[in-house]
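K.L.:
Next up is a structure, given as structure tokens.
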Protein chains: 4
Amino acid sequence: MAQTVRAGILGGSGYAGAELLRLLSVHPHVEVAAVTSRQQAGRAVSEVFPSLRGYVDLGFEAVDSAALAKRCDVVFCAVPHGVAMHEAPALLEAGTRVVDLSADFRLADRERFEHWYATEHAAPSLLGEAVYGLPEVNGAAVREARLVASPGCYPTAVQLGLLPLLETGWAEPTGLIADAKSGVSGAGREAKTHLLYAEAGDSMQAYGVAGHRHLPEILQGLERASGGEVDLTFVPHLAPMIRGIHATGYALLRDTAEDVQALYERRYADAPFVDVLPPGSTPQTRSVRGGNFCRIAVHQPEGGRRAVVLSVIDNLVKGASGQAVQNMNLMFGLDEGAGLQAPALLP
Amino acid sequence: MAQTVRAGILGGSGYAGAELLRLLSVHPHVEVAAVTSRQQAGRAVSEVFPSLRGYVDLGFEAVDSAALAKRCDVVFCAVPHGVAMHEAPALLEAGTRVVDLSADFRLADRERFEHWYATEHAAPSLLGEAVYGLPEVNGAAVREARLVASPGCYPTAVQLGLLPLLETGWAEPTGLIADAKSGVSGAGREAKTHLLYAEAGDSMQAYGVAGHRHLPEILQGLERASGGEVDLTFVPHLAPMIRGIHATGYALLRDTAEDVQALYERRYADAPFVDVLPPGSTPQTRSVRGGNFCRIAVHQPEGGRRAVVLSVIDNLVKGASGQAVQNMNLMFGLDEGAGLQAPALLP
Amino acid sequence: MAQTVRAGILGGSGYAGAELLRLLSVHPHVEVAAVTSRQQAGRAVSEVFPSLRGYVDLGFEAVDSAALAKRCDVVFCAVPHGVAMHEAPALLEAGTRVVDLSADFRLADRERFEHWYATEHAAPSLLGEAVYGLPEVNGAAVREARLVASPGCYPTAVQLGLLPLLETGWAEPTGLIADAKSGVSGAGREAKTHLLYAEAGDSMQAYGVAGHRHLPEILQGLERASGGEVDLTFVPHLAPMIRGIHATGYALLRDTAEDVQALYERRYADAPFVDVLPPGSTPQTRSVRGGNFCRIAVHQPEGGRRAVVLSVIDNLVKGASGQAVQNMNLMFGLDEGAGLQAPALLP
Amino acid sequence: MAQTVRAGILGGSGYAGAELLRLLSVHPHVEVAAVTSRQQAGRAVSEVFPSLRGYVDLGFEAVDSAALAKRCDVVFCAVPHGVAMHEAPALLEAGTRVVDLSADFRLADRERFEHWYATEHAAPSLLGEAVYGLPEVNGAAVREARLVASPGCYPTAVQLGLLPLLETGWAEPTGLIADAKSGVSGAGREAKTHLLYAEAGDSMQAYGVAGHRHLPEILQGLERASGGEVDLTFVPHLAPMIRGIHATGYALLRDTAEDVQALYERRYADAPFVDVLPPGSTPQTRSVRGGNFCRIAVHQPEGGRRAVVLSVIDNLVKGASGQAVQNMNLMFGLDEGAGLQAPALLP
């Protein structure tokens, strides 16, 4: 296929931006046309990210969306929450497709968004059109989409872990628990004291117990899957590692005679990036480091009434930029895995 | 007080042994009389653990318990499971008290022990006498004990976290979940591939999901507290840190109107090593690194029906050697905190 | 001894401050009277450093030096460079002794200071009085001092490593090399991007190659020792660990027949916190983690012409707050090791 | 090019083997035909290395070299030292080319090998034929070679850093120093106590000061470059990171007026995997994590007489398996960078 997609990145100096550049710079069907960053405007990309020396010959621009639209077939929004909703309308109007990695278009319900993000939505009319870009659920819709809301990192790991049980009604939709552990890069590249090496190193800590912003996104996904209300307790933890999410899901099974392992294998048989491990396995986050996979193992300890689902992703790949590229591939009729074929880096 | 307790360590070349030496070598009322190690016999302690140069002037001995008994008022067993049950009878008969850090005397039920540890118990007659050394529960009994079974690391963190809810019946005794994350030192000092830096670093992994040996110990403790059967799902995870356990407990409350925070503060008001944090806190494992504390925070997210209890300990201190010293202090009428007064090492 | 020293800490919310609090809160002859912090004024110390819950019951104050002087026998300045020189004169005039952990009084030569720190010295008249607080060199002077300039972390490790060779003239004073590796806490607690876990983790990097501020301090010390000019190349590296400095020193020996090992053992025979390891050893930084020791090993690889000196310290203890306490002990006629007796935390 | 090279790996269950599999499984011109491992024979590759699930569908074989020869155009020897010299003769005789990642054919001088590796060489007649596979030096010879001795990790980093100064005679060949820091994966995947996470974590330690086996290999390379004798002190250190080598080289310049930066840029202008950084840079090892690059920065601190050369590689890629693939590419007339094009993983 001779097609080359011209891609732009809005907000390319954070970790999601760096990861988009890492993936897109060697993507066989993409040319990175422009990268913006308000903070780093004027600096060479390879100066900020020396790992990209020889791969990305661009500088960060302060350019606006209008200018981006002319040079790009697709724009990835890797900006903080609250920015993409201002930029997306103009981009779409100009015929440029948008993959938003922020939360702006993830929640279909405007009030839910405004409650959790404490800000008025600037483009509510697009909420109905935006496709929630979890390809394992919405692949067909993504193929037709102009605007894709690429899922958050925790929501990706938790949903892929619990969806099969809720879609089938095999698990109770109440009393669900998602205990998730994330590497520090999930918190972004902004300089904050609690993310310093000397603070986050050699230690573990829960946070956001009273209500993390990813909770409504997870609930929305699980409710769509179950077709009814869902009750979930979600506790994220900061772990002393750079990349990786380990989500441990707990659900009560309605019928312990069902073959849960077979259910998972069946559910993800056609999903190129979801890997259901053999019975008895426990996935390591490093088995997906740098790769776009979600590896899942399902257990029924003791009596078997409770399912324990272990799912791991790289928060920056399947949990952010890799999934965004997967969505772009679908939107442009490319092979779903184009540019995402490198194995994980282990050790 | 002029009393000096002569202490021996059986199996001093592992991490629990090293930690006992670190604590006892500067304990104001203890003289370390002997340290044994089959593997390291003949080597100086300070050669194996250079951090103890200038503190411990002993060599590892291959000596037997009989010889130890003559020189020691108390012997700490920091040997692998299955050894202490062979050594304890002779030590006790000789009048030496025993603090066992292994699992040999933790389970009061002989069959439960033999099932989980797949070995016949060599001293079943002592199971009735051995006191389970969680001072916050059994302090009075420990003071009178000849033989104390010092708790495991996970059981300490999980029990201290959930006990108040079960003792009072405020939480349902079923559907309990303990999602625990441990630093690598919890797995011991033996050379195993999966514990290598290049394997365990920058990664998270669950293990023992089908049934970890600490499960029956936790259940025994929770059942004693609740006075009835308890159903708990326990999932331990290996985290890329050296020390520390973070246990996240989930329990369904029977009455959401109760003041859970006040319950915890009341329950541990007299426990010098349990620290109930202010509402809204999330403890870091590093806040107890090297110290004998268990710090606990209790949350009721969303509707409040579910309690989320976060408890952290240093697995080698409150989860092993520090607690063993605390037990020894009680057994010999010393101040409960003697030798355990150093603050945690942060950062 | 019934004496209790009332100590104040100026700038207690950084890592040196936290470490002073950790050490002083259990020091047998010290009462912490006050802690200041402009940034954290009004907050409880134990809120900022939860490891100190139960140990320090003070709040951070915004108080000035004048107020501090009335309540303190000694004030530790753990402020950034350029502050202590403004505060010290008033403190001294009020009769309060001062241990300065910043660089303000380390360089006896005013011009050297003003060149490297690019600021005018506010109290040049005190430069002559200030004692450079490396107790292994200036112990006697420290005992008489009102104002002690406690050494920097790199200078402590490098000087203790190379001094014996320069004091005796056994090594050439030119062509010296100090290749040093430091944990991240050495860079302080301020939120800076390059110190984030996700930036500094799993990576090594040299910095300050063109000229690090610790270079003139090291040179001053080595020149005093050798009695002449010294030529040293100093390259610091940031290592992915929380605490610890490993300095590797290289020097050309004038006479390879000398017994260098014996020289080091003799030189530090009376230094309670310098530990010369047996021949062939290589010290680990963790062997001093949390302790006030400097452990040194000296090698003569191959022909023996070149000495390789390995010295390790904990940058926050012997490299900062521990050494400051050691100096205070000397200034007040206390036992040199009071409050500094805990072994290192290993593992 | 339609050519497909059938590759075998002798000893594929260590880190060099895992890394060869990661690279070769997505190499556009290679088919992995067989992987052997005595220890893991019978197990699926993807069971030992779950990161390769979906990429490598082979099992580890116990097969001998004779059998390998029939199925492979090239065999990579990723076995411990002392094995390849027994296997290579038969492979070569059968027409299979060999890339040896062990030390067996690196030292042209048989006595030097036998001294440092304390074993008799089993195939001394091949020592003359074997090409030392540092492509930046021996690229032309590698293209014609049947047997390539791929360099060690430290030798790669140190040589690439110092070669330009020695080839030109700009630096003195005596008094050279190479202070190198390596991640733990460089020590292999065998279970050894000192490589445990709880031992090697959060700590630094020098080792092999009296003489590391990579020293003669480095000396041989530098002597070939300088055309005369070379005197080098080499001190390796174990750093708490998984991958990466940071070599800091020190050399005395003969003429400080020369433009050293220009020399380095010129020397490596045609080397696709050596990246000379702009003046004033300090490379991070993470900037090459997972990539085949060596990034170099050269400094002349203070007077300028001494050159400080900072070079970083990923010990498993440019320091082992990536360089082996680079050599194979040259041997088979493929593009030198085929299969080695992925950017480093940062963060």
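Residues in the structure tokens are numbered from 1 in each chain, the chains being A, B, ... in the order shown, and ligands are numbered from 1 in the order shown.
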Quick one: residues within 8 Å of Cys153 of chain C, only C-alpha atoms, excluding same-chain residues fewer than 2 positions away - as a short mmCIF file (atom, residue, chain, number, x, y, z; two decimals) with C-alpha atoms, in the first residue's frame?

P.N.:
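Written output follows (out_39.cif):
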data_model
loop_
_atom_site.label_atom_id
_atom_site.label_comp_id
_atom_site.auth_asym_id
_atom_site.auth_seq_id
_atom_site.Cartn_x
_atom_site.Cartn_y
_atom_site.Cartn_z
CA PRO C 151 31.41 19.49 54.08
CA PRO C 155 33.93 16.37 48.95
CA THR C 156 33.52 14.09 51.96
CA ALA C 157 33.74 10.90 49.93
CA GLY C 186 21.86 14.36 46.64
CA ILE C 245 27.83 8.04 46.91
CA ASN C 315 25.20 11.27 51.00
CA LEU C 316 22.54 12.34 53.51
CA LYS C 318 28.17 11.18 56.47
CA GLY C 319 27.70 13.38 53.40
CA ALA C 320 25.40 15.86 55.15
#

K.L.:
May I have the residues of chain D within 6 Å of chain A, counting only C-alpha atoms, written as a list in words?

P.N.:
Pro50, Ser51, Ser287 and Ala344 of chain D

K.L.:
Step one, run DSSP on the backbone; step two, keep only residues of segment 69-286 of chain D assigned to strand (DSSP E or B); then write them as a ChimeraX atom specification.

P.N.:
/D:74-77,97-100,131-132,147-149,171,176-182,196,205-206,232-238,245-253,274-276,284

K.L.:
Please provide the set of residues having any atom within 6 Å of segment 169-184 of chain B, restricted to only C-alpha atoms, with same-chain residues fewer than 5 positions apart removed, written as an NGL selection string.

P.N.:
:B and (230-239 or 241-254)

K.L.:
How would you write, as a PyMOL selection string, the set of residues in segment 68-216 of chain B that DSSP gives as helix (DSSP H, G or I)?

P.N.:
chain B and resi 68-71+84-93+110-117+124-126+135-144+153-167+184-187+193-195+197-200+214-216

K.L.:
Neighbours of segment 130-145 of chain D within 7 Å (only C-alpha atoms; same-chain residues fewer than 4 positions away dropped), as number ranges by chain?

P.N.:
D: 105-106, 126, 149-151, 271, 327, 330-331

K.L.:
Just the selected residues (N, CA, C and O atoms), exported as a compact mmCIF listing (two decimals), in the first residue's frame, please.

P.N.:
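New file part.txt:
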# COMPACT_ATOMS: atom_id res chain seq x y z
N PHE D 105 36.83 -16.35 20.80
CA PHE D 105 37.67 -15.99 19.65
C PHE D 105 38.04 -14.50 19.63
O PHE D 105 38.45 -13.97 18.61
N ARG D 106 37.84 -13.83 20.75
CA ARG D 106 38.10 -12.39 20.76
C ARG D 106 39.58 -12.05 20.86
O ARG D 106 40.04 -11.07 20.29
N LEU D 126 41.78 -21.49 14.66
CA LEU D 126 40.78 -20.54 14.17
C LEU D 126 41.03 -19.11 14.67
O LEU D 126 40.39 -18.17 14.21
N ALA D 149 34.02 -12.86 15.99
CA ALA D 149 34.00 -12.79 17.45
C ALA D 149 33.39 -11.45 17.83
O ALA D 149 34.03 -10.40 17.71
N SER D 150 32.16 -11.49 18.24
CA SER D 150 31.46 -10.23 18.56
C SER D 150 31.97 -9.72 19.91
O SER D 150 32.11 -10.49 20.86
N PRO D 151 32.25 -8.43 20.00
CA PRO D 151 32.91 -7.88 21.19
C PRO D 151 32.07 -7.97 22.46
O PRO D 151 30.85 -8.08 22.41
N ALA D 271 29.52 5.88 10.52
CA ALA D 271 29.11 4.76 11.39
C ALA D 271 27.66 4.95 11.77
O ALA D 271 27.32 5.83 12.55
N ASN D 327 26.76 -7.52 12.75
CA ASN D 327 27.80 -8.31 12.10
C ASN D 327 27.20 -9.29 11.09
O ASN D 327 27.71 -9.43 9.97
N LEU D 330 26.29 -7.63 7.89
CA LEU D 330 27.46 -7.39 7.04
C LEU D 330 27.92 -8.68 6.37
O LEU D 330 28.21 -8.72 5.17
N MET D 331 27.96 -9.77 7.11
CA MET D 331 28.44 -11.04 6.57
C MET D 331 27.57 -11.54 5.42
O MET D 331 28.05 -12.24 4.53

K.L.:
I want to know what sits within 6 Å of segment 4-9 of chain D, based on only C-alpha atoms, with residues of the same chain fewer than 6 positions away left out; could you give that as a ChimeraX atom specification?

P.N.:
/D:29-35,72-76

K.L.:
Find the residues near Pro80 of chain B: any atom within 10 Å, counting only C-alpha atoms, skip ones fewer than 5 places away on the same chain, and give them as JSON, numbers by chain.

P.N.:
{"B": [11, 14, 101, 102, 103, 104, 188]}

K.L.:
Write a file of the just-selected residues containing C-alpha atoms, as a compact mmCIF listing (two decimals), in the first residue's frame.

P.N.:
# COMPACT_ATOMS: atom_id res chain seq x y z
CA GLY B 11 19.93 -19.36 60.98
CA GLY B 14 19.25 -14.78 55.66
CA LEU B 101 10.10 -16.51 62.95
CA SER B 102 9.22 -19.46 60.73
CA ALA B 103 5.76 -20.91 60.22
CA ASP B 104 6.28 -24.04 62.31
CA GLY B 188 14.46 -14.38 51.14

K.L.:
Taking 6 positions as the minimum chain separation for residues in the same chain, which residues sit within 7 Å of Leu91 of chain C when counting only C-alpha atoms? Answer as an NGL selection string.

P.N.:
:C and (65-66 or 69)
